[in-house]
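What follows is a single structure, written as structure tokens, with notes after it.
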Amino acid sequence: STCRQWVLVIICTCSVGLALKALLQPRTKLALTSIRFQSRNSPLPIKSRRLPVSASIVGLGSCGVDFIAQVSEYPKPDDKIRTTDFKVFGGGNAANSMCALGKLANNVKLISKVGTDANGDLIVKEAEESGVDISYVLRSKLTPSPFTYVIVDQKGQTRTCIHTPATEELTPQEMDVKMLEDCAWVHLDGRHTEAAIRLAELANEKGIPVSLDVEKDRPHLDQLMQKADIMFTNSKYPAIFCKGQEGITDDESLLLRMLTTLPRLKFVVCTKGADGSIGLMRDSKDGKLIRCPAWSIDPSSVVDTTGAGDAFIAGC
């Protein structure tokens with residue numbers, strides 16, 4: 001789909017070199033040190049590594065259609081209001097990130113499953129137009145394509161998603177090592193979880209880095225997290241992950257617990273909206289805490305925050 005917040009792609013690339021370096025570090029006991037980026041002019045501490053031109057980035061996860069209604073203010077119960085704007089776009093976490101990468105001239109493949117309905121036609125059409133290889137987007141007559149109603153509250157600068165999922169998911173049996181030919185990176189968004197576990201296993205066996213976008217708990221997610229090298233999450237999930245563990249409430253402690261609980265994980269990044277992002281990287285000597293503030297922008301210039309997190313991941 002279309003990630004419309006391209007400025008966020010640029011903002012978050014200050015973490016690229018750190019994330020790639022983290023993949024190369026051995027596992028060790030962590031002691032925290034801190035890095036803070038003060039402004040947009042802060043130099044990158046580590047040069048980023050570009051993927052070979054022929055290498056592909058493979059994303060597995062959700063794709064669907066977003067029906068995006070902008071309203072001046074979020075409605076109260078039983079209200080009747082009018083939209084100030086309405087658009088229909090392809091959407092879905094993995095699809096958004098892959099389309100953003102495709103528009104940045106990367107070699108990108110998407111693995112997913114949609115129906116043979118009109119929504120499915122729109123999904124694959126937009127992905128192709130964004131430069132995404134859809135050879136592994138399976139079409140099924142047995143499921144409707146996923147779609148989401150998105151209410152964008154212009155006053156509160158929030159968005160509310162009402163999702164209708166597909167009734168049929170990808171299966172582990174549909175995963176094939178051929179999907180990873182010439183692959184340099186695998187990105188998962190936690191959907192089609194059992195299939196994602198199988199693809200992550202194949203990537204682990206081939207030494208291909210795996211990144212995972214986690215928003216909330218899902219069935220089998222604990223197994224999938226064990227196979228990720230890099231994790232992207234929101235401001236809420238670290239507390240969910242550490243639920244029931246007394247005294248762990250601050251960002252640093254939550255991320256540290258995630259990193260130490262998941263031995264394969266080398267870098268965990270938490271997005272914090274207007275407060276930017278915070279990341280914890282497993283290093284050869286210590287755990288490096290990275291704070292990256294968001295750029296200050298005029299709220300009136302924000303058109304729509306839908307897909308902003310997916311664009312952030314694409315930039316990283």
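Identifiers in the structure tokens: chain A, B, ... in order shown; residue index from 1 per chain; ligand index from 1 in order shown.
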
Task: Selection: 12 Å around stretch 271-275 of chain A, only C-alpha atoms, excl. self and same-chain fewer than 2 positions, as JSON, numbers by chain - done: {"A": [8, 12, 157, 158, 213, 214, 215, 231, 232, 233, 234, 235, 236, 237, 238, 251, 255, 268, 269, 277, 278, 279, 280, 290, 291, 292, 293, 294, 295, 296, 297, 298, 299, 305, 308, 309, 310, 311, 312, 313, 316]}

Open item on the list: Could you go through stretch 150-239 of chain A and tell me which residues DSSP, when run on the backbone, assigns to strand (DSSP E or B), listing them as a list in words?
Closed with: Val150, Ile151, Val152, Asp153, Thr158, Arg159, Thr160, Cys161, Ile162, His163, Thr164, Cys183, Ala184, Trp185, Val186, His187, Leu188, Val210, Ser211, Leu212, Asp213, Val214, Ile230, Met231, Phe232 and Thr233 of chain A

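Considering the residues A:Leu138, A:Gly90, A:Cys183, A:Pro144 and counting only C-alpha atoms, A:Thr164 has its shortest atom-to-atom contact with A:Pro144.
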
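Residues in contact with A:Tyr74 at up to 12 Å, not including ones fewer than 2 positions away on its chain and judged by only C-alpha atoms, are A:Ala69, A:Gln70, A:Val71, A:Ser72, A:Lys76, A:Pro77, A:Asp78, A:Asp79, A:Lys80, A:Ile81, A:Arg82, A:Thr83, A:Thr84, A:Val150, A:Ile151, A:Val152, A:Asp153, A:Gln154, A:Lys155, A:Gly156, A:Gln157, A:Thr158, A:Arg159, A:Thr160.
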
Generate a file of the selected residues that holds N, CA, C and O atoms, formatted as an mmCIF file, in the first residue's frame.
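And here's result-v7.cif as it stands now:
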data_model
loop_
_atom_site.group_PDB
_atom_site.id
_atom_site.type_symbol
_atom_site.label_atom_id
_atom_site.label_comp_id
_atom_site.auth_asym_id
_atom_site.auth_seq_id
_atom_site.Cartn_x
_atom_site.Cartn_y
_atom_site.Cartn_z
ATOM 1 N N ALA A 69 -11.540 7.415 6.369
ATOM 2 C CA ALA A 69 -12.466 8.537 6.512
ATOM 3 C C ALA A 69 -11.877 9.549 7.492
ATOM 4 O O ALA A 69 -11.616 9.209 8.654
ATOM 5 N N GLN A 70 -11.643 10.753 7.018
ATOM 6 C CA GLN A 70 -11.194 11.816 7.911
ATOM 7 C C GLN A 70 -12.408 12.560 8.449
ATOM 8 O O GLN A 70 -13.342 12.875 7.708
ATOM 9 N N VAL A 71 -12.368 12.823 9.763
ATOM 10 C CA VAL A 71 -13.454 13.554 10.419
ATOM 11 C C VAL A 71 -12.855 14.674 11.241
ATOM 12 O O VAL A 71 -11.708 14.595 11.686
ATOM 13 N N SER A 72 -13.614 15.725 11.438
ATOM 14 C CA SER A 72 -13.089 16.859 12.197
ATOM 15 C C SER A 72 -12.884 16.503 13.659
ATOM 16 O O SER A 72 -11.965 17.009 14.315
ATOM 17 N N LYS A 76 -19.088 10.800 18.996
ATOM 18 C CA LYS A 76 -19.581 10.257 20.262
ATOM 19 C C LYS A 76 -20.575 9.147 19.942
ATOM 20 O O LYS A 76 -21.077 9.044 18.812
ATOM 21 N N PRO A 77 -20.893 8.283 20.922
ATOM 22 C CA PRO A 77 -21.857 7.205 20.662
ATOM 23 C C PRO A 77 -23.178 7.743 20.113
ATOM 24 O O PRO A 77 -23.708 8.737 20.594
ATOM 25 N N ASP A 78 -23.670 7.110 19.074
ATOM 26 C CA ASP A 78 -24.935 7.427 18.432
ATOM 27 C C ASP A 78 -24.907 8.742 17.648
ATOM 28 O O ASP A 78 -25.956 9.239 17.216
ATOM 29 N N ASP A 79 -23.705 9.306 17.456
ATOM 30 C CA ASP A 79 -23.574 10.509 16.625
ATOM 31 C C ASP A 79 -23.761 10.180 15.147
ATOM 32 O O ASP A 79 -23.518 9.046 14.709
ATOM 33 N N LYS A 80 -24.151 11.170 14.378
ATOM 34 C CA LYS A 80 -24.136 11.101 12.917
ATOM 35 C C LYS A 80 -23.295 12.275 12.432
ATOM 36 O O LYS A 80 -23.652 13.433 12.657
ATOM 37 N N ILE A 81 -22.182 11.982 11.801
ATOM 38 C CA ILE A 81 -21.277 13.036 11.351
ATOM 39 C C ILE A 81 -20.916 12.813 9.890
ATOM 40 O O ILE A 81 -21.188 11.744 9.325
ATOM 41 N N ARG A 82 -20.275 13.811 9.297
ATOM 42 C CA ARG A 82 -19.831 13.694 7.912
ATOM 43 C C ARG A 82 -18.314 13.676 7.844
ATOM 44 O O ARG A 82 -17.626 14.244 8.702
ATOM 45 N N THR A 83 -17.804 13.029 6.832
ATOM 46 C CA THR A 83 -16.365 13.020 6.612
ATOM 47 C C THR A 83 -15.932 14.350 6.014
ATOM 48 O O THR A 83 -16.708 15.023 5.323
ATOM 49 N N THR A 84 -14.684 14.730 6.297
ATOM 50 C CA THR A 84 -14.090 15.877 5.614
ATOM 51 C C THR A 84 -13.285 15.425 4.410
ATOM 52 O O THR A 84 -12.967 16.219 3.530
ATOM 53 N N VAL A 150 -10.844 2.977 8.576
ATOM 54 C CA VAL A 150 -9.940 3.816 9.361
ATOM 55 C C VAL A 150 -10.589 5.181 9.566
ATOM 56 O O VAL A 150 -10.921 5.866 8.597
ATOM 57 N N ILE A 151 -10.789 5.551 10.833
ATOM 58 C CA ILE A 151 -11.347 6.864 11.162
ATOM 59 C C ILE A 151 -10.201 7.754 11.647
ATOM 60 O O ILE A 151 -9.582 7.476 12.675
ATOM 61 N N VAL A 152 -9.914 8.798 10.893
ATOM 62 C CA VAL A 152 -8.829 9.718 11.230
ATOM 63 C C VAL A 152 -9.432 10.956 11.889
ATOM 64 O O VAL A 152 -10.190 11.707 11.256
ATOM 65 N N ASP A 153 -9.116 11.142 13.162
ATOM 66 C CA ASP A 153 -9.625 12.272 13.945
ATOM 67 C C ASP A 153 -8.661 13.449 13.786
ATOM 68 O O ASP A 153 -7.555 13.429 14.326
ATOM 69 N N GLN A 154 -9.073 14.470 13.047
ATOM 70 C CA GLN A 154 -8.183 15.597 12.785
ATOM 71 C C GLN A 154 -7.915 16.431 14.031
ATOM 72 O O GLN A 154 -6.824 16.970 14.204
ATOM 73 N N LYS A 155 -8.879 16.510 14.926
ATOM 74 C CA LYS A 155 -8.707 17.306 16.142
ATOM 75 C C LYS A 155 -7.742 16.617 17.108
ATOM 76 O O LYS A 155 -6.816 17.229 17.624
ATOM 77 N N GLY A 156 -7.976 15.343 17.350
ATOM 78 C CA GLY A 156 -7.139 14.622 18.316
ATOM 79 C C GLY A 156 -5.877 14.018 17.729
ATOM 80 O O GLY A 156 -5.065 13.443 18.443
ATOM 81 N N GLN A 157 -5.714 14.117 16.392
ATOM 82 C CA GLN A 157 -4.553 13.552 15.702
ATOM 83 C C GLN A 157 -4.403 12.062 16.020
ATOM 84 O O GLN A 157 -3.314 11.564 16.311
ATOM 85 N N THR A 158 -5.516 11.333 15.990
ATOM 86 C CA THR A 158 -5.499 9.884 16.218
ATOM 87 C C THR A 158 -6.174 9.194 15.050
ATOM 88 O O THR A 158 -6.853 9.827 14.232
ATOM 89 N N ARG A 159 -5.989 7.874 14.993
ATOM 90 C CA ARG A 159 -6.711 7.096 13.997
ATOM 91 C C ARG A 159 -7.203 5.813 14.644
ATOM 92 O O ARG A 159 -6.530 5.200 15.458
ATOM 93 N N THR A 160 -8.432 5.439 14.321
ATOM 94 C CA THR A 160 -9.063 4.246 14.869
ATOM 95 C C THR A 160 -9.311 3.268 13.728
ATOM 96 O O THR A 160 -9.876 3.641 12.695
#

Open item on the list: Considering only C-alpha atoms, can you say which of A:Leu199, A:Ser300, A:Val65, A:Lys216 comes closest to A:Val124?
Closed with: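 Closest to A:Val124, using only C-alpha atoms: A:Val65.
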
TODO: Please indicate the distance in Å from atom CA of A:Asp117 to atom CA of A:Phe86, rounded to one decimal place.
DONE: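 Separation between atom CA of A:Asp117 and atom CA of A:Phe86: 21.5 Å.
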
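Across A:Leu265, A:Ile68, A:Leu224, A:Ala314, the tightest approach to A:Gly190 is made by A:Leu224 when counting only C-alpha atoms.
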
- [ ] Using backbone DSSP assignments, extract all alpha helix (DSSP H) residues from stretch 207-314 of chain A; output them as JSON, numbers by chain.
- [x] {"A": [221, 222, 223, 224, 225, 237, 238, 239, 240, 241, 251, 252, 253, 254, 255, 256, 257, 258, 259, 260, 261, 308, 309, 310, 311, 312, 313, 314]}

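Compared by their closest atoms to A:Cys242, and using only C-alpha atoms, the residues A:Leu142, A:Ala195, A:Met258, A:Leu202 rank with A:Met258 nearest.
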
- [ ] In Å, rounded to a single decimal, give me how far atom CA of A:Thr148 is from atom CA of A:His187.
- [x] 21.7 Å

TODO: Determine the nearest neighbour of A:Ser62 from the options A:Ala166, A:Ala203, A:Leu254, A:Ala95, counting only C-alpha atoms.
DONE: A:Ala95

- [ ] Work out how far atom CA of A:Val114 is from atom CA of A:Glu201, in Å to one decimal.
- [x]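 Value for the atom CA of A:Glu201-atom CA of A:Val114 distance: 23.5 Å.
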
Fewer than 3 positions away in the same chain doesn't count, so skip those; otherwise give me all residues within 10 Å of A:Ala118, counting only C-alpha atoms, as a PDB file with N, CA and C atoms, in the first residue's frame.
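Full text of part_20.pdb as output:
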ATOM      1  N   GLY A 115      -8.275 -12.638  -1.350  1.00  0.00           N
ATOM      2  CA  GLY A 115      -9.344 -13.276  -2.099  1.00  0.00           C
ATOM      3  C   GLY A 115      -9.278 -12.965  -3.590  1.00  0.00           C
ATOM      4  N   ASP A 121      -8.148  -7.543  -6.093  1.00  0.00           N
ATOM      5  CA  ASP A 121      -7.615  -6.955  -7.330  1.00  0.00           C
ATOM      6  C   ASP A 121      -6.927  -5.623  -7.040  1.00  0.00           C
ATOM      7  N   LEU A 122      -7.550  -4.798  -6.186  1.00  0.00           N
ATOM      8  CA  LEU A 122      -6.967  -3.494  -5.844  1.00  0.00           C
ATOM      9  C   LEU A 122      -5.643  -3.661  -5.106  1.00  0.00           C
ATOM     10  N   ILE A 123      -5.606  -4.638  -4.185  1.00  0.00           N
ATOM     11  CA  ILE A 123      -4.398  -4.871  -3.384  1.00  0.00           C
ATOM     12  C   ILE A 123      -3.211  -5.203  -4.285  1.00  0.00           C
ATOM     13  N   PRO A 144     -12.661 -13.806   1.712  1.00  0.00           N
ATOM     14  CA  PRO A 144     -12.689 -12.417   1.249  1.00  0.00           C
ATOM     15  C   PRO A 144     -11.346 -11.766   1.545  1.00  0.00           C
ATOM     16  N   SER A 145     -10.988 -10.766   0.793  1.00  0.00           N
ATOM     17  CA  SER A 145      -9.752 -10.033   1.079  1.00  0.00           C
ATOM     18  C   SER A 145      -9.949  -9.178   2.332  1.00  0.00           C
TER      19      SER A 145
END
